[in-house]
Every structure is written in C-alpha cells, then in structure tokens.
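J.: Just one file: upload.txt, with compact mmCIF, C-alpha atoms and all ligand atoms.
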```txt
# COMPACT_ATOMS: atom_id res chain seq x y z
CA MET A 1 10.91 -43.59 93.30
CA ALA A 2 9.13 -42.23 90.21
CA ARG A 3 11.01 -39.18 88.93
CA ARG A 4 9.30 -38.26 85.67
CA ILE A 5 5.61 -37.74 86.24
CA VAL A 6 2.80 -36.96 83.81
CA ILE A 7 -0.55 -36.05 85.37
CA LEU A 8 -3.77 -35.91 83.35
CA THR A 9 -6.78 -34.15 84.84
CA GLY A 10 -10.41 -34.01 83.78
CA ALA A 11 -13.65 -32.40 84.88
CA GLY A 12 -13.80 -34.42 88.12
CA ILE A 13 -10.96 -32.40 89.66
CA SER A 14 -13.04 -29.21 89.36
CA ALA A 15 -16.31 -30.81 90.54
CA GLU A 16 -15.73 -29.91 94.20
CA SER A 17 -15.17 -26.30 93.11
CA GLY A 18 -18.73 -26.31 91.74
CA VAL A 19 -17.91 -26.75 88.03
CA PRO A 20 -20.29 -29.36 86.53
CA THR A 21 -18.76 -32.43 84.87
CA PHE A 22 -19.76 -33.50 81.36
CA ARG A 23 -21.10 -37.00 81.77
CA ALA A 24 -22.97 -36.97 85.08
CA ALA A 25 -26.27 -38.90 85.20
CA ASP A 26 -28.35 -37.12 82.53
CA GLY A 27 -25.39 -36.39 80.26
CA LEU A 28 -26.31 -32.73 80.03
CA TRP A 29 -24.07 -29.69 80.32
CA GLU A 30 -26.04 -26.71 81.57
CA GLY A 31 -29.03 -27.80 79.51
CA HIS A 32 -27.11 -28.65 76.32
CA ARG A 33 -25.83 -31.98 75.09
CA VAL A 34 -22.07 -31.56 74.68
CA GLU A 35 -22.38 -32.91 71.12
CA ASP A 36 -24.76 -30.01 70.27
CA VAL A 37 -22.29 -27.30 71.16
CA ALA A 38 -18.79 -28.78 71.13
CA THR A 39 -18.30 -29.28 67.38
CA PRO A 40 -17.28 -26.94 64.54
CA GLN A 41 -20.51 -27.95 62.75
CA ALA A 42 -22.62 -26.79 65.70
CA PHE A 43 -20.79 -23.46 65.67
CA ARG A 44 -21.47 -22.98 61.94
CA ARG A 45 -25.12 -24.01 62.39
CA ASN A 46 -25.88 -21.79 65.37
CA PRO A 47 -22.98 -19.51 66.33
CA ALA A 48 -25.07 -17.48 68.80
CA LEU A 49 -26.05 -20.58 70.81
CA VAL A 50 -22.44 -21.75 71.01
CA GLN A 51 -21.04 -18.28 71.83
CA ARG A 52 -23.64 -17.86 74.59
CA PHE A 53 -22.85 -21.29 76.04
CA TYR A 54 -19.16 -20.40 76.34
CA ASP A 55 -19.82 -16.77 77.37
CA ASP A 56 -21.87 -18.09 80.32
CA ARG A 57 -19.16 -20.56 81.32
CA ARG A 58 -16.44 -17.89 81.01
CA ALA A 59 -18.45 -15.57 83.27
CA PHE A 60 -19.06 -18.44 85.74
CA LEU A 61 -15.30 -18.75 86.34
CA GLY A 62 -15.59 -15.64 88.53
CA GLN A 63 -17.78 -17.62 90.94
CA VAL A 64 -15.50 -20.62 91.50
CA GLN A 65 -12.19 -21.15 93.25
CA PRO A 66 -9.48 -23.82 93.07
CA ASN A 67 -10.03 -26.62 95.57
CA ALA A 68 -7.70 -28.76 97.69
CA ALA A 69 -6.82 -30.99 94.72
CA HIS A 70 -5.74 -28.08 92.47
CA HIS A 71 -3.70 -26.62 95.33
CA ALA A 72 -2.03 -29.96 96.08
CA LEU A 73 -0.93 -30.37 92.44
CA ALA A 74 0.47 -26.83 92.48
CA ARG A 75 2.50 -27.72 95.63
CA LEU A 76 3.84 -30.80 93.87
CA ASP A 77 4.77 -28.74 90.79
CA ALA A 78 6.62 -26.18 92.93
CA ALA A 79 8.58 -28.85 94.82
CA TRP A 80 9.22 -31.47 92.16
CA PRO A 81 12.69 -31.30 90.56
CA THR A 82 13.36 -30.50 86.93
CA GLY A 83 16.11 -31.55 84.51
CA ASP A 84 18.29 -34.56 85.41
CA ARG A 85 16.66 -35.04 88.81
CA GLY A 86 13.07 -35.35 87.61
CA GLU A 87 10.27 -33.96 85.51
CA LEU A 88 6.63 -33.15 85.91
CA LEU A 89 3.97 -32.21 83.37
CA LEU A 90 0.35 -31.51 84.21
CA VAL A 91 -1.92 -32.00 81.19
CA THR A 92 -5.47 -30.84 81.75
CA GLN A 93 -8.49 -31.49 79.57
CA ASN A 94 -10.27 -28.75 81.49
CA VAL A 95 -10.96 -25.38 79.93
CA ASP A 96 -11.36 -23.64 83.30
CA ASP A 97 -8.42 -21.75 84.84
CA LEU A 98 -8.41 -23.41 88.26
CA HIS A 99 -5.00 -25.10 87.89
CA ASP A 100 -3.54 -21.77 86.71
CA ARG A 101 -5.02 -19.89 89.65
CA ALA A 102 -3.81 -22.54 92.10
CA GLY A 103 -0.28 -21.88 90.82
CA SER A 104 0.59 -24.85 88.58
CA ARG A 105 3.24 -23.75 86.09
CA ARG A 106 4.24 -26.89 84.17
CA LEU A 107 0.71 -27.02 82.74
CA LEU A 108 -0.83 -27.65 79.30
CA HIS A 109 -4.48 -27.09 78.42
CA MET A 110 -4.94 -29.74 75.73
CA HIS A 111 -8.62 -28.86 75.03
CA GLY A 112 -8.11 -25.06 75.07
CA GLU A 113 -9.15 -22.38 77.54
CA LEU A 114 -12.30 -20.38 78.25
CA LEU A 115 -10.13 -17.31 78.83
CA SER A 116 -8.72 -17.40 75.32
CA ALA A 117 -10.29 -16.53 71.95
CA LEU A 118 -9.27 -17.78 68.53
CA CYS A 119 -9.56 -15.67 65.38
CA THR A 120 -11.24 -17.59 62.57
CA ALA A 121 -9.69 -15.14 60.06
CA CYS A 122 -6.02 -14.90 61.08
CA GLY A 123 -5.65 -17.87 63.46
CA ALA A 124 -4.27 -15.82 66.39
CA ALA A 125 -5.16 -16.91 69.92
CA ARG A 126 -5.33 -14.17 72.58
CA ARG A 127 -6.42 -13.94 76.22
CA TRP A 128 -10.10 -12.97 76.27
CA GLU A 129 -12.28 -12.26 79.31
CA ARG A 130 -15.41 -10.59 77.85
CA PRO A 131 -18.49 -12.09 76.15
CA LEU A 132 -17.86 -13.00 72.51
CA LEU A 133 -21.51 -12.38 71.61
CA GLN A 134 -20.85 -8.64 72.02
CA PRO A 135 -19.42 -6.79 69.00
CA HIS A 136 -15.65 -7.25 69.05
CA SER A 137 -12.56 -7.12 66.88
CA CYS A 138 -9.60 -9.45 66.74
CA PRO A 139 -6.70 -8.01 68.80
CA ALA A 140 -4.25 -9.36 66.19
CA CYS A 141 -5.80 -8.55 62.77
CA ALA A 142 -8.52 -6.05 63.84
CA ARG A 143 -11.21 -7.73 61.73
CA PRO A 144 -14.69 -7.44 63.31
CA ASP A 145 -16.56 -10.36 64.90
CA THR A 146 -14.17 -13.11 63.83
CA LEU A 147 -13.42 -14.58 67.26
CA ARG A 148 -14.59 -18.00 68.47
CA PRO A 149 -13.92 -19.73 71.80
CA ASP A 150 -10.37 -21.16 71.86
CA ILE A 151 -11.73 -24.60 72.66
CA VAL A 152 -10.86 -27.93 71.04
CA TRP A 153 -14.13 -29.31 69.73
CA PHE A 154 -14.83 -32.87 68.57
CA GLY A 155 -13.00 -33.54 65.32
CA GLU A 156 -10.32 -30.92 66.04
CA MET A 157 -6.72 -31.66 67.00
CA PRO A 158 -5.95 -31.18 70.72
CA TYR A 159 -3.15 -28.74 71.56
CA GLN A 160 0.49 -29.60 72.26
CA MET A 161 0.21 -33.25 71.24
CA GLU A 162 3.92 -33.49 70.40
CA ARG A 163 4.96 -32.30 73.86
CA ILE A 164 2.43 -34.58 75.52
CA THR A 165 3.46 -37.61 73.49
CA SER A 166 7.15 -37.18 74.28
CA ALA A 167 6.52 -36.52 78.00
CA ILE A 168 4.45 -39.72 78.27
CA ALA A 169 7.06 -41.72 76.35
CA ALA A 170 9.67 -40.61 78.91
CA CYS A 171 7.61 -40.88 82.10
CA ASP A 172 7.96 -43.29 85.04
CA LEU A 173 4.56 -42.53 86.50
CA PHE A 174 1.30 -41.55 84.81
CA VAL A 175 -1.53 -40.36 87.03
CA SER A 176 -5.08 -39.78 85.78
CA ILE A 177 -7.38 -37.68 87.97
CA GLY A 178 -11.13 -37.09 87.61
CA THR A 179 -11.70 -38.17 84.04
CA SER A 180 -14.16 -40.70 82.63
CA GLY A 181 -11.82 -41.98 79.91
CA ALA A 182 -14.53 -41.38 77.31
CA VAL A 183 -12.72 -38.94 75.02
CA TYR A 184 -9.67 -39.64 72.86
CA PRO A 185 -6.77 -39.10 72.54
CA ALA A 186 -6.63 -38.39 76.33
CA ALA A 187 -8.35 -41.71 77.08
CA GLY A 188 -5.47 -43.50 75.34
CA PHE A 189 -2.66 -41.87 77.36
CA VAL A 190 -2.71 -44.66 79.95
CA GLN A 191 -2.00 -47.18 77.21
CA TRP A 192 0.89 -45.06 75.86
CA ALA A 193 2.30 -44.81 79.40
CA ARG A 194 2.08 -48.57 79.89
CA GLU A 195 3.91 -49.09 76.61
CA ALA A 196 6.63 -46.75 77.96
CA GLY A 197 6.94 -48.99 81.04
CA ALA A 198 5.47 -46.43 83.45
CA GLU A 199 3.47 -47.13 86.60
CA THR A 200 -0.12 -45.96 86.09
CA LEU A 201 -2.42 -44.66 88.82
CA GLU A 202 -6.06 -43.62 88.57
CA LEU A 203 -7.62 -41.26 91.14
CA ASN A 204 -11.34 -40.94 90.37
CA LEU A 205 -14.63 -40.74 92.21
CA GLU A 206 -15.68 -44.12 90.85
CA PRO A 207 -14.35 -46.77 88.47
CA SER A 208 -14.06 -45.32 84.94
CA ALA A 209 -14.00 -46.84 81.45
CA GLY A 210 -10.20 -46.89 81.73
CA THR A 211 -9.84 -48.41 85.23
CA PRO A 212 -8.78 -51.89 84.02
CA MET A 213 -5.82 -50.28 82.20
CA PHE A 214 -4.25 -48.85 85.38
CA SER A 215 -1.78 -50.67 87.57
CA GLU A 216 -3.47 -49.06 90.60
CA ALA A 217 -6.82 -47.31 91.06
CA ARG A 218 -8.06 -45.37 94.10
CA HIS A 219 -11.68 -44.23 94.19
CA GLY A 220 -13.06 -41.26 96.11
CA PRO A 221 -13.28 -37.46 95.82
CA ALA A 222 -10.28 -35.72 94.28
CA GLY A 223 -10.27 -33.16 97.11
CA THR A 224 -9.30 -35.99 99.48
CA LEU A 225 -7.35 -38.42 97.28
CA VAL A 226 -5.11 -35.92 95.51
CA PRO A 227 -3.71 -34.16 98.62
CA GLN A 228 -3.04 -37.61 100.17
CA TRP A 229 -1.17 -38.76 97.08
CA VAL A 230 0.78 -35.50 96.79
CA GLU A 231 1.85 -35.60 100.46
CA ALA A 232 3.14 -39.15 99.95
CA MET A 233 5.10 -38.07 96.86
CA LEU A 234 6.59 -35.06 98.67
CA ALA A 235 7.57 -37.25 101.62
CA GLU A 236 9.63 -39.40 99.24
CA LEU A 237 11.58 -36.42 97.85
C1 LIG B 301 -14.73 -37.03 90.22
C2 LIG B 301 -15.38 -36.16 91.07
C3 LIG B 301 -14.66 -35.81 92.20
C4 LIG B 301 -16.71 -36.49 89.50
N1 LIG B 301 -13.45 -36.32 92.39
N2 LIG B 301 -13.52 -37.52 90.43
C5 LIG B 301 -13.37 -43.55 68.36
C6 LIG B 301 -12.15 -43.90 68.88
C7 LIG B 301 -11.19 -42.97 69.16
C8 LIG B 301 -11.44 -41.62 68.95
C9 LIG B 301 -12.64 -41.26 68.43
C10 LIG B 301 -13.59 -42.21 68.12
N3 LIG B 301 -14.67 -41.55 67.61
C11 LIG B 301 -14.41 -40.22 67.61
C12 LIG B 301 -13.17 -40.03 68.12
C13 LIG B 301 -12.48 -38.78 68.36
C14 LIG B 301 -13.11 -37.91 69.42
C15 LIG B 301 -13.61 -38.75 70.60
O1 LIG B 301 -12.90 -39.11 71.50
N4 LIG B 301 -14.90 -39.03 70.62
C16 LIG B 301 -15.47 -39.86 71.69
C17 LIG B 301 -16.90 -39.41 71.91
C18 LIG B 301 -15.30 -41.32 71.34
N5 LIG B 301 -12.05 -37.04 69.89
C19 LIG B 301 -11.78 -35.91 69.25
O2 LIG B 301 -12.44 -35.52 68.30
C20 LIG B 301 -10.56 -35.14 69.73
N6 LIG B 301 -9.71 -34.86 68.64
C21 LIG B 301 -9.10 -35.85 67.96
O3 LIG B 301 -9.26 -37.03 68.23
O4 LIG B 301 -8.26 -35.40 66.98
C22 LIG B 301 -7.57 -36.38 66.18
C23 LIG B 301 -6.37 -36.98 66.85
C24 LIG B 301 -5.98 -38.24 66.55
C25 LIG B 301 -4.85 -38.79 67.14
C26 LIG B 301 -4.10 -38.07 68.04
C27 LIG B 301 -4.50 -36.79 68.32
C28 LIG B 301 -5.63 -36.26 67.75
C29 LIG B 301 -10.99 -33.81 70.33
C30 LIG B 301 -11.73 -34.01 71.61
C31 LIG B 301 -12.24 -32.68 72.14
C32 LIG B 301 -13.03 -32.87 73.42
N7 LIG B 301 -13.67 -31.70 73.74
C33 LIG B 301 -14.47 -31.62 74.96
C34 LIG B 301 -15.29 -30.32 74.94
C35 LIG B 301 -14.42 -29.17 75.36
C36 LIG B 301 -15.19 -27.94 75.34
C37 LIG B 301 -16.01 -27.68 76.51
O5 LIG B 301 -15.54 -27.78 77.65
O6 LIG B 301 -17.15 -27.34 76.26
O7 LIG B 301 -13.64 -31.72 76.12
S1 LIG B 301 -15.61 -32.96 75.18
C38 LIG B 301 -15.51 -33.00 76.92
O8 LIG B 301 -15.02 -34.32 77.31
C39 LIG B 301 -14.40 -32.00 77.31
C40 LIG B 301 -13.59 -32.80 78.30
O9 LIG B 301 -12.28 -32.26 78.38
C41 LIG B 301 -13.67 -34.19 77.77
C42 LIG B 301 -13.37 -35.25 78.78
O10 LIG B 301 -14.34 -35.26 79.79
P1 LIG B 301 -13.90 -35.56 81.28
O11 LIG B 301 -13.02 -34.49 81.76
O12 LIG B 301 -13.41 -36.94 81.38
O13 LIG B 301 -15.30 -35.35 82.04
P2 LIG B 301 -16.46 -36.44 82.33
O14 LIG B 301 -17.66 -35.67 82.77
O15 LIG B 301 -16.64 -37.37 81.22
O16 LIG B 301 -15.89 -37.29 83.55
C43 LIG B 301 -15.71 -36.74 84.84
C44 LIG B 301 -15.11 -37.81 85.73
O17 LIG B 301 -14.85 -37.24 86.99
C45 LIG B 301 -16.06 -39.00 85.97
O18 LIG B 301 -15.32 -40.22 85.82
C46 LIG B 301 -16.50 -38.84 87.42
O19 LIG B 301 -16.67 -40.07 88.10
C47 LIG B 301 -15.32 -38.10 88.00
N8 LIG B 301 -15.65 -37.26 89.13
N9 LIG B 301 -16.65 -35.88 90.53
C48 LIG B 301 -12.93 -37.18 91.46
N10 LIG B 301 -15.21 -34.99 93.12
```
Starting from the coordinates I provided, produce the structure as structure tokens.
Ligand code: BJW
T.:
Amino acid sequence: MARRIVILTGAGISAESGVPTFRAADGLWEGHRVEDVATPQAFRRNPALVQRFYDDRRAFLGQVQPNAAHHALARLDAAWPTGDRGELLLVTQNVDDLHDRAGSRRLLHMHGELLSALCTACGAARRWERPLLQPHSCPACARPDTLRPDIVWFGEMPYQMERITSAIAACDLFVSIGTSGAVYPAAGFVQWAREAGAETLELNLEPSAGTPMFSEARHGPAGTLVPQWVEAMLAEL
C-alpha cells in the first residue's frame, strides 16, 4: 500500500463549487486573459485593473463552498498517518480557500492565496480580506498603499518549492486532480514522481496534456472521482 502520498490539485477541483477554471473553451477568466493580469508587468502597467480583478475574486469566495472532493481530501488528511507510518502533503495551485475551509491541514498553496496580501515595500505577507483598491496601509510596515495580491504570477517563483521537491522525492504515490498540466513547475511534478519510483494517478474531467505521463488516469468530475478514490485509500488503512 502507498504510504507517502503527494496530491496536487488545480482549478478543476473547485469547478463544481462554481469557481471558473482558467483554460475552459474561450480561455478567458472573468473577461480577462490570464496573461493580461497574472504577470508583474501587467500589475506595473495597470495596477487598478489587476487589483480589481483580484478584489472581485476575493469577494466571490464568500459565495462558494467546498465540494465533495475538497471534503474527501480533508477526510484523508485527518485519517492518514504521519511520521514512520506514512505521510501526506496536499499541494494546491488554487488561490481559493476551499481546501482550508474543508479542513485540510497538511496543505501548501504554491501559487499564493486570495486571502493574503504582500507588501511591495517590506515583503511581509499578511491575511487580507478587504479590497486592495481601497486606501490601505501595510499591517507590518504601515506604509500606505503598498500591498499587492499575494499571488504567484508568471515569471515569479512558486512558494515552498523546497518542501514540495523533497516530498515528491520521497513519495510512493503522486495524485494529480483537476489540472490541465499547462503551467510549470507543477506540470513537471508527475515526471519528478516517476523518477522517484512513485505510482502516479491522474483524476481529471478529461485527458490532459500530462495524461500520457501517468501510470493510471481516471476521467470524470472530481466531485465523484475523488471521494471514490479516498474511500478506497481509507479502506486500505
Ligand atoms: C475538472 C473539472 C471537474 C474541469 N472535475 N476536473 C516553458 C517550459 C517550462 C516553463 C515555462 C515555459 N515558459 C514559461 C514557463 C514558466 C511559466 C509557465 O509554466 N508558463 C506556461 C504558460 C508554459 N511558469 C511560471 O512562470 C511559474 N514560475 C516559474 O516557473 O518560476 C521558475 C521556476 C523554475 C523551476 C522551478 C521552480 C520555479 C509561475 C506560474 C504561476 C501560475 N500562476 C497562475 C495564476 C495564479 C493567479 C490567479 O489565480 O489569478 O496560476 S496561472 C493559472 O494556471 C493559475 C493556476 O494555478 C495555473 C494552473 O491552472 P490549472 O489549475 O491547471 O487550471 P486549468 O484551467 O488550466 O485546468 C483545469 C483542469 O480541470 C482542466 O484539465 C479541466 O479538464 C479540469 N476540470 N472541471 C475534474 N469538475
């Protein structure tokens, strides 16, 4: 039985909660191309557009709830052993807080969080729930209007890469859920897991760019596939 598990999630796991994915049919995200808002250059060019885009998405979190897939992963986290008897790490690319609200604890947000703000003056990251377009001051250094969304944009280094790299190098099972495999370094994790000798499983609505890399792929909605997979894992405990 697999004892050390790394799970990667993407936008597809939140789709059934009503959060739009990035690369559905027209490639738009609430009217914006992701490339137009998710880069440091875009922020410098038009900070108000980018702040409004993230302010709207932060506010939208109040209208969505974790779904059966988020809850199933939280059950697995609560039950799965730690230390010598096993390990589990949930790495999400998502900037929503649905895994957190479902109760997952061994969780990393590699692309940042909507409910966090980053000070461009002092570098501090702090929980932030209000619009950033409103006048504000940094909770750490008190400078006015220096905060940006604490989001990893294209060209920036994702968070916690050392922890992620070592967890994948030590894992027996790597599971990828609801991600298109279009964005690196996350898209390369399956290859790192294979090199570590791990089993690799994809759970996605449809075949993704990465499907051929996985030792097994199951296709369908995360709200169905993930609880089924989790129940099977818990039955083996
Ligand atoms: C369902 C479902 C249901 C639907 N059930 N499934 C060439 C080679 C390698 C790298 C690069 C390269 N050129 C440029 C790069 C680097 C660049 C990159 O990858 N660019 C690509 C465009 C090629 N990457 C970076 O810049 C990253 N940083 C970096 O590389 O630093 C250097 C470094 C080097 C080495 C090691 C470490 C670091 C940073 C990437 C930051 C990504 N940021 C974003 C925006 C976040 C902000 C925001 O939310 O606004 O993150 S982009 C966007 O894509 C977001 C997502 O997290 C990410 C992934 O998208 P995801 O989650 O896969 O969503 P979708 O929509 O693509 O897919 C959804 C899937 O769900 C689909 O498959 C559906 O079928 C499925 N689905 N409903 C199950 N109900």
J.: List the neighbours of region 153-157 of chain A out to 8 Å using only C-alpha atoms; skip same-chain residues closer than 3 positions along the sequence, and give me the result as a VMD selection string.
T.: chain A and resid 35 38 to 40 111
J.: Taking a cut-off of 7 Å and counting only C-alpha atoms and all ligand atoms, can you build a table that, for each residue of chain A near ligand LIG 301 (chain B), reports the nearest atom pair and how far apart they are in Å (one decimal), sorted by chain then residue number, as a tab-separated table?
T.:
```
residue	atom	partner	partner_atom	distance
A:Thr9	CA	B:LIG301	O11	7.0
A:Gly10	CA	B:LIG301	O11	3.3
A:Ala11	CA	B:LIG301	O11	3.8
A:Gly12	CA	B:LIG301	O17	3.2
A:Ile13	CA	B:LIG301	N1	5.4
A:Ala15	CA	B:LIG301	N10	5.0
A:Glu16	CA	B:LIG301	N10	5.2
A:Thr21	CA	B:LIG301	O14	4.0
A:Phe22	CA	B:LIG301	O14	3.3
A:Arg23	CA	B:LIG301	O14	3.8
A:Ala24	CA	B:LIG301	O14	5.9
A:Val34	CA	B:LIG301	S1	6.6
A:Ala38	CA	B:LIG301	C34	5.4
A:Gln93	CA	B:LIG301	O9	4.0
A:Asn94	CA	B:LIG301	O9	5.1
A:Val95	CA	B:LIG301	O5	5.7
A:His111	CA	B:LIG301	C35	5.8
A:Ile151	CA	B:LIG301	C36	5.5
A:Val152	CA	B:LIG301	C31	5.1
A:Trp153	CA	B:LIG301	C31	4.6
A:Phe154	CA	B:LIG301	O2	3.6
A:Gly155	CA	B:LIG301	O2	3.6
A:Glu156	CA	B:LIG301	N6	4.8
A:Met157	CA	B:LIG301	O4	4.0
A:Pro158	CA	B:LIG301	N6	5.7
A:Met161	CA	B:LIG301	C27	6.6
A:Ile177	CA	B:LIG301	C48	6.6
A:Gly178	CA	B:LIG301	N2	3.7
A:Thr179	CA	B:LIG301	O12	3.4
A:Ser180	CA	B:LIG301	O18	3.4
A:Gly181	CA	B:LIG301	O12	5.5
A:Ala182	CA	B:LIG301	C16	5.9
A:Val183	CA	B:LIG301	O1	3.5
A:Tyr184	CA	B:LIG301	O1	3.5
A:Pro185	CA	B:LIG301	C27	5.3
A:Leu203	CA	B:LIG301	C48	6.7
A:Asn204	CA	B:LIG301	N2	4.1
A:Leu205	CA	B:LIG301	N2	3.8
A:Glu206	CA	B:LIG301	O19	5.0
A:Ser208	CA	B:LIG301	O18	5.3
A:Gly220	CA	B:LIG301	C48	6.2
A:Pro221	CA	B:LIG301	N1	3.6
A:Ala222	CA	B:LIG301	N1	3.7
A:Gly223	CA	B:LIG301	N1	6.5
```
J.: Which polymer residues have any atom within 12 Å of an atom of Leu132 (chain A), counting all atoms listed in the file, with same-chain residues fewer than 6 positions away left out, as a PyMOL selection string?
T.: chain A and resi 47-59+114-119+138+144-150
J.: Give me, as a PyMOL selection string, all polymer residues having an atom no more than 9 Å from Thr165 (chain A), counting all atoms listed in the file and skipping those fewer than 5 positions away in the same chain.
T.: chain A and resi 160+170+189+192
J.: Between A:Leu225, A:Val175, A:Ile7, A:Ala42, which has the minimum distance to Thr200 (chain A) (counting only C-alpha atoms)?
T.: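 Checking each of A:Leu225, A:Val175, A:Ile7, A:Ala42 against Thr200 (chain A), counting only C-alpha atoms, the winner is A:Val175.
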J.: Which residue gives the smallest distance to Ile164 (chain A) among A:Ser176, A:Thr92, A:Thr120, A:Thr224, with all atoms listed in the file counted?
T.: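 Closest residue, counting all atoms listed in the file: A:Thr92.
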J.: Can you tell me how far CA of Ala72 (chain A) sits from CA of Arg194 (chain A), in Å to one decimal?
T.: 25.0 Å
J.: How many Å separate CA of Phe214 (chain A) from CA of Glu202 (chain A)?
T.: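 Pair CA of Phe214 (chain A) / CA of Glu202 (chain A) returns 6.4 Å.
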J.: Rounded to one decimal, what separation in Å do you get between CA of Leu90 (chain A) and CA of Met213 (chain A)?
T.: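 About the pair CA of Leu90 (chain A) and CA of Met213 (chain A): they are 19.9 Å apart.
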J.: Which one is closest to Glu129 (chain A): A:Phe60, A:Cys141, A:Leu89, A:Glu199? Count all atoms listed in the file.
T.: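 Ranking A:Phe60, A:Cys141, A:Leu89, A:Glu199 by distance to Glu129 (chain A), first place goes to A:Phe60.
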